[in-house]
Amino acid sequence: MYMPTVMAFLHHLAAFAVVAALCAQLALFTPPLGVAQARRILRIDLLYGLSAMAVLVIGLLRVFLYERGGDYYFANGFFLLKLALFLAVGLLSIYPTVLFRSWSKGLRQGDAPALTDAQCNRVRQLLKLELIGVAGILLCAAAMADGMGYMTGG
């Protein structure tokens, strides 16, 4: 009886954590990076990944177990767009995550990451695009909540 509410709460909490992690990464990613700063970015990136996985898993549980079911949601264009944007944001996050993870060995030895201007610009652009994608996801969620996007009489 309370599970739909609990799952909705957890889904929203994880989504807010995704946004917070992206904002924190963007704020912290100001080269030249020191060792402590780079370590923070790595920890935040882990939080970002775990939060995004929680959004996905909890969201799918909501769709299939705690809400109206897959037939209902997959008949909604905004839901499909929301999933596509989630995938796109995930793909955009690959480059920054791989770059951040590449620092691990050097950070263990106390070395700050050495970044090219091109790497810095690319990471900042990707983080901004990820935030734009998340804003699109939120817009789709609001449209769905207003009953918009159903491709069949729903």
# chains A, B, ... in the order shown; residues from 1 in each chain; ligands from 1
call {"tool": "residues_around", "arguments": {"residues": "Gly149 of chain A", "least_positions_apart": "2", "cutoff": "7 Å", "atoms": "only C-alpha atoms", "output": "JSON list (two decimals) with N, CA and C atoms, in the first residue's frame"}}
result
[["chain", "number", "residue", "atom", "x", "y", "z"],
["A", 76, "ASN", "N", 3.43, 5.97, -24.01],
["A", 76, "ASN", "CA", 3.56, 7.41, -23.82],
["A", 76, "ASN", "C", 4.83, 7.90, -24.49],
["A", 77, "GLY", "N", 4.67, 8.82, -25.44],
["A", 77, "GLY", "CA", 5.82, 9.36, -26.16],
["A", 77, "GLY", "C", 6.80, 10.09, -25.25],
["A", 78, "PHE", "N", 6.29, 10.77, -24.22],
["A", 78, "PHE", "CA", 7.19, 11.46, -23.30],
["A", 78, "PHE", "C", 7.99, 10.48, -22.45],
["A", 144, "MET", "N", 4.33, 14.04, -18.58],
["A", 144, "MET", "CA", 3.65, 12.78, -18.25],
["A", 144, "MET", "C", 2.70, 12.97, -17.08],
["A", 147, "GLY", "N", -0.53, 14.13, -17.96],
["A", 147, "GLY", "CA", -1.30, 13.25, -18.84],
["A", 147, "GLY", "C", -1.02, 13.42, -20.31],
["A", 151, "MET", "N", -0.09, 7.83, -26.89],
["A", 151, "MET", "CA", -0.28, 7.58, -28.32],
["A", 151, "MET", "C", -1.56, 6.79, -28.57]]
call {"tool": "residues_around", "arguments": {"residues": "segment 82-91 of chain A", "least_positions_apart": "6", "cutoff": "7 Å", "atoms": "only C-alpha atoms", "output": "PDB file with all heavy atoms, in the first residue's frame"}}
result
ATOM      1  N   GLU A 130      25.029  17.033 -20.307  1.00  0.00           N
ATOM      2  CA  GLU A 130      24.346  16.089 -19.417  1.00  0.00           C
ATOM      3  C   GLU A 130      23.275  16.809 -18.595  1.00  0.00           C
ATOM      4  O   GLU A 130      22.154  16.301 -18.436  1.00  0.00           O
ATOM      5  CB  GLU A 130      25.355  15.412 -18.487  1.00  0.00           C
ATOM      6  CG  GLU A 130      26.248  14.403 -19.186  1.00  0.00           C
ATOM      7  CD  GLU A 130      27.284  13.827 -18.242  1.00  0.00           C
ATOM      8  OE1 GLU A 130      26.893  13.176 -17.259  1.00  0.00           O
ATOM      9  OE2 GLU A 130      28.489  14.038 -18.492  1.00  0.00           O
ATOM     10  N   GLY A 133      20.371  17.494 -20.738  1.00  0.00           N
ATOM     11  CA  GLY A 133      19.619  16.251 -20.911  1.00  0.00           C
ATOM     12  C   GLY A 133      18.763  15.933 -19.702  1.00  0.00           C
ATOM     13  O   GLY A 133      17.602  15.522 -19.840  1.00  0.00           O
ATOM     14  N   ILE A 137      14.723  15.457 -19.294  1.00  0.00           N
ATOM     15  CA  ILE A 137      14.072  14.345 -18.595  1.00  0.00           C
ATOM     16  C   ILE A 137      13.010  14.887 -17.638  1.00  0.00           C
ATOM     17  O   ILE A 137      11.895  14.370 -17.569  1.00  0.00           O
ATOM     18  CB  ILE A 137      15.116  13.490 -17.849  1.00  0.00           C
ATOM     19  CG1 ILE A 137      15.987  12.732 -18.849  1.00  0.00           C
ATOM     20  CG2 ILE A 137      14.448  12.532 -16.862  1.00  0.00           C
ATOM     21  CD1 ILE A 137      17.227  12.084 -18.232  1.00  0.00           C
ATOM     22  N   CYS A 140       9.979  16.007 -19.553  1.00  0.00           N
ATOM     23  CA  CYS A 140       9.171  14.839 -19.947  1.00  0.00           C
ATOM     24  C   CYS A 140       8.365  14.314 -18.767  1.00  0.00           C
ATOM     25  O   CYS A 140       7.188  13.950 -18.923  1.00  0.00           O
ATOM     26  CB  CYS A 140      10.072  13.740 -20.508  1.00  0.00           C
ATOM     27  SG  CYS A 140      10.772  14.120 -22.116  1.00  0.00           S
TER      28      CYS A 140
END
call {"tool": "residues_around", "arguments": {"residues": "Leu28 of chain A", "least_positions_apart": "6", "cutoff": "10 Å", "atoms": "only C-alpha atoms", "output": "ChimeraX atom specification"}}
result
/A:22,37-38,40-41,44
call {"tool": "write_last_selection", "arguments": {"atoms": "C-alpha atoms", "output": "PDB file, in the first residue's frame"}}
result
ATOM      1  CA  LEU A  22      26.593  16.749 -12.005  1.00  0.00           C
ATOM      2  CA  GLN A  37      40.179  18.289  -6.002  1.00  0.00           C
ATOM      3  CA  ALA A  38      40.669  15.377  -8.416  1.00  0.00           C
ATOM      4  CA  ARG A  40      36.670  14.713  -4.871  1.00  0.00           C
ATOM      5  CA  ILE A  41      35.694  14.618  -8.531  1.00  0.00           C
ATOM      6  CA  ILE A  44      31.417  12.485  -6.901  1.00  0.00           C
TER       7      ILE A  44
END
call {"tool": "residues_around", "arguments": {"residues": "Met53 of chain A", "least_positions_apart": "3", "cutoff": "10 Å", "atoms": "only C-alpha atoms", "output": "list of chain:residue names"}}
result
A:Ala14, A:Ala15, A:Val18, A:Leu47, A:Tyr48, A:Gly49, A:Leu50, A:Leu56, A:Val57, A:Ile58, A:Gly59, A:Gly90
call {"tool": "write_last_selection", "arguments": {"atoms": "N, CA, C and O atoms", "output": "JSON list (two decimals), in the first residue's frame"}}
result
[["chain", "number", "residue", "atom", "x", "y", "z"],
["A", 14, "ALA", "N", 17.06, 9.78, -5.67],
["A", 14, "ALA", "CA", 18.18, 9.40, -6.54],
["A", 14, "ALA", "C", 18.34, 10.40, -7.68],
["A", 14, "ALA", "O", 19.47, 10.76, -8.05],
["A", 15, "ALA", "N", 17.24, 10.87, -8.24],
["A", 15, "ALA", "CA", 17.31, 11.85, -9.33],
["A", 15, "ALA", "C", 17.94, 13.16, -8.85],
["A", 15, "ALA", "O", 18.76, 13.76, -9.56],
["A", 18, "VAL", "N", 21.61, 12.70, -8.66],
["A", 18, "VAL", "CA", 22.23, 12.80, -9.99],
["A", 18, "VAL", "C", 22.49, 14.26, -10.33],
["A", 18, "VAL", "O", 23.59, 14.63, -10.75],
["A", 47, "LEU", "N", 29.40, 8.60, -6.98],
["A", 47, "LEU", "CA", 28.05, 8.91, -6.50],
["A", 47, "LEU", "C", 27.10, 9.12, -7.68],
["A", 47, "LEU", "O", 25.96, 8.64, -7.66],
["A", 48, "TYR", "N", 27.56, 9.82, -8.70],
["A", 48, "TYR", "CA", 26.76, 10.06, -9.90],
["A", 48, "TYR", "C", 26.36, 8.74, -10.54],
["A", 48, "TYR", "O", 25.18, 8.52, -10.85],
["A", 49, "GLY", "N", 27.31, 7.85, -10.73],
["A", 49, "GLY", "CA", 27.02, 6.57, -11.36],
["A", 49, "GLY", "C", 26.06, 5.72, -10.54],
["A", 49, "GLY", "O", 25.11, 5.13, -11.08],
["A", 50, "LEU", "N", 26.29, 5.66, -9.24],
["A", 50, "LEU", "CA", 25.40, 4.88, -8.37],
["A", 50, "LEU", "C", 24.00, 5.48, -8.33],
["A", 50, "LEU", "O", 23.00, 4.75, -8.35],
["A", 56, "LEU", "N", 17.50, 4.36, -12.53],
["A", 56, "LEU", "CA", 17.05, 3.39, -13.53],
["A", 56, "LEU", "C", 16.36, 2.19, -12.90],
["A", 56, "LEU", "O", 15.24, 1.83, -13.29],
["A", 57, "VAL", "N", 16.99, 1.58, -11.91],
["A", 57, "VAL", "CA", 16.42, 0.39, -11.29],
["A", 57, "VAL", "C", 15.10, 0.70, -10.59],
["A", 57, "VAL", "O", 14.09, 0.00, -10.78],
["A", 58, "ILE", "N", 15.09, 1.75, -9.80],
["A", 58, "ILE", "CA", 13.86, 2.12, -9.08],
["A", 58, "ILE", "C", 12.78, 2.53, -10.07],
["A", 58, "ILE", "O", 11.60, 2.17, -9.90],
["A", 59, "GLY", "N", 13.17, 3.26, -11.11],
["A", 59, "GLY", "CA", 12.19, 3.66, -12.12],
["A", 59, "GLY", "C", 11.56, 2.45, -12.80],
["A", 59, "GLY", "O", 10.34, 2.40, -13.01],
["A", 90, "GLY", "N", 23.62, 9.07, -20.25],
["A", 90, "GLY", "CA", 24.56, 8.01, -19.87],
["A", 90, "GLY", "C", 25.71, 7.89, -20.85],
["A", 90, "GLY", "O", 26.87, 7.75, -20.45]]
call {"tool": "atom_distance", "arguments": {"atom1": "atom CA of Ala135 of chain A", "atom2": "atom CA of His12 of chain A"}}
result
13.8 Å
call {"tool": "atom_distance", "arguments": {"atom1": "atom CA of Leu61 of chain A", "atom2": "atom CA of Leu46 of chain A"}}
result
22.4 Å
call {"tool": "closest_residue", "arguments": {"among": "A:Pro96, A:Pro32, A:Pro113, A:Pro4", "to": "Arg62 of chain A", "atoms": "only C-alpha atoms"}}
result
A:Pro4
call {"tool": "decode", "arguments": {"residues": "segment 87-106 of chain A", "atoms": "N, CA and C atoms", "output": "mmCIF file, in the first residue's frame"}}
result
data_model
loop_
_atom_site.group_PDB
_atom_site.id
_atom_site.type_symbol
_atom_site.label_atom_id
_atom_site.label_comp_id
_atom_site.auth_asym_id
_atom_site.auth_seq_id
_atom_site.Cartn_x
_atom_site.Cartn_y
_atom_site.Cartn_z
ATOM 1 N N LEU A 87 19.351 7.510 -21.674
ATOM 2 C CA LEU A 87 20.412 6.785 -22.383
ATOM 3 C C LEU A 87 21.452 7.757 -22.943
ATOM 4 N N ALA A 88 20.982 8.850 -23.547
ATOM 5 C CA ALA A 88 21.902 9.838 -24.114
ATOM 6 C C ALA A 88 22.791 10.451 -23.035
ATOM 7 N N VAL A 89 22.207 10.785 -21.898
ATOM 8 C CA VAL A 89 22.996 11.349 -20.793
ATOM 9 C C VAL A 89 24.031 10.315 -20.326
ATOM 10 N N GLY A 90 23.618 9.066 -20.249
ATOM 11 C CA GLY A 90 24.557 8.007 -19.871
ATOM 12 C C GLY A 90 25.712 7.894 -20.849
ATOM 13 N N LEU A 91 25.417 7.974 -22.133
ATOM 14 C CA LEU A 91 26.474 7.907 -23.143
ATOM 15 C C LEU A 91 27.394 9.126 -23.062
ATOM 16 N N LEU A 92 26.819 10.298 -22.819
ATOM 17 C CA LEU A 92 27.634 11.507 -22.680
ATOM 18 C C LEU A 92 28.577 11.420 -21.482
ATOM 19 N N SER A 93 28.179 10.671 -20.467
ATOM 20 C CA SER A 93 28.985 10.588 -19.240
ATOM 21 C C SER A 93 30.181 9.652 -19.372
ATOM 22 N N ILE A 94 30.243 8.885 -20.444
ATOM 23 C CA ILE A 94 31.334 7.904 -20.580
ATOM 24 C C ILE A 94 32.694 8.589 -20.632
ATOM 25 N N TYR A 95 32.845 9.576 -21.492
ATOM 26 C CA TYR A 95 34.154 10.221 -21.635
ATOM 27 C C TYR A 95 34.651 10.814 -20.314
ATOM 28 N N PRO A 96 33.840 11.642 -19.626
ATOM 29 C CA PRO A 96 34.345 12.173 -18.349
ATOM 30 C C PRO A 96 34.693 11.070 -17.347
ATOM 31 N N THR A 97 33.860 10.050 -17.247
ATOM 32 C CA THR A 97 34.132 8.987 -16.277
ATOM 33 C C THR A 97 35.421 8.254 -16.612
ATOM 34 N N VAL A 98 35.624 7.930 -17.871
ATOM 35 C CA VAL A 98 36.864 7.239 -18.266
ATOM 36 C C VAL A 98 38.070 8.127 -17.966
ATOM 37 N N LEU A 99 37.955 9.415 -18.278
ATOM 38 C CA LEU A 99 39.057 10.342 -17.985
ATOM 39 C C LEU A 99 39.320 10.404 -16.482
ATOM 40 N N PHE A 100 38.262 10.573 -15.694
ATOM 41 C CA PHE A 100 38.427 10.663 -14.241
ATOM 42 C C PHE A 100 39.067 9.390 -13.695
ATOM 43 N N ARG A 101 38.621 8.241 -14.165
ATOM 44 C CA ARG A 101 39.171 6.961 -13.683
ATOM 45 C C ARG A 101 40.645 6.799 -14.074
ATOM 46 N N SER A 102 41.024 7.418 -15.183
ATOM 47 C CA SER A 102 42.426 7.307 -15.624
ATOM 48 C C SER A 102 43.383 8.008 -14.657
ATOM 49 N N TRP A 103 42.854 8.847 -13.783
ATOM 50 C CA TRP A 103 43.692 9.550 -12.818
ATOM 51 C C TRP A 103 44.046 8.696 -11.608
ATOM 52 N N SER A 104 43.353 7.602 -11.401
ATOM 53 C CA SER A 104 43.443 6.846 -10.141
ATOM 54 C C SER A 104 44.865 6.477 -9.741
ATOM 55 N N LYS A 105 45.623 5.901 -10.655
ATOM 56 C CA LYS A 105 46.977 5.461 -10.320
ATOM 57 C C LYS A 105 47.854 6.641 -9.891
ATOM 58 N N GLY A 106 47.795 7.704 -10.668
ATOM 59 C CA GLY A 106 48.584 8.887 -10.329
ATOM 60 C C GLY A 106 48.171 9.496 -8.999
#
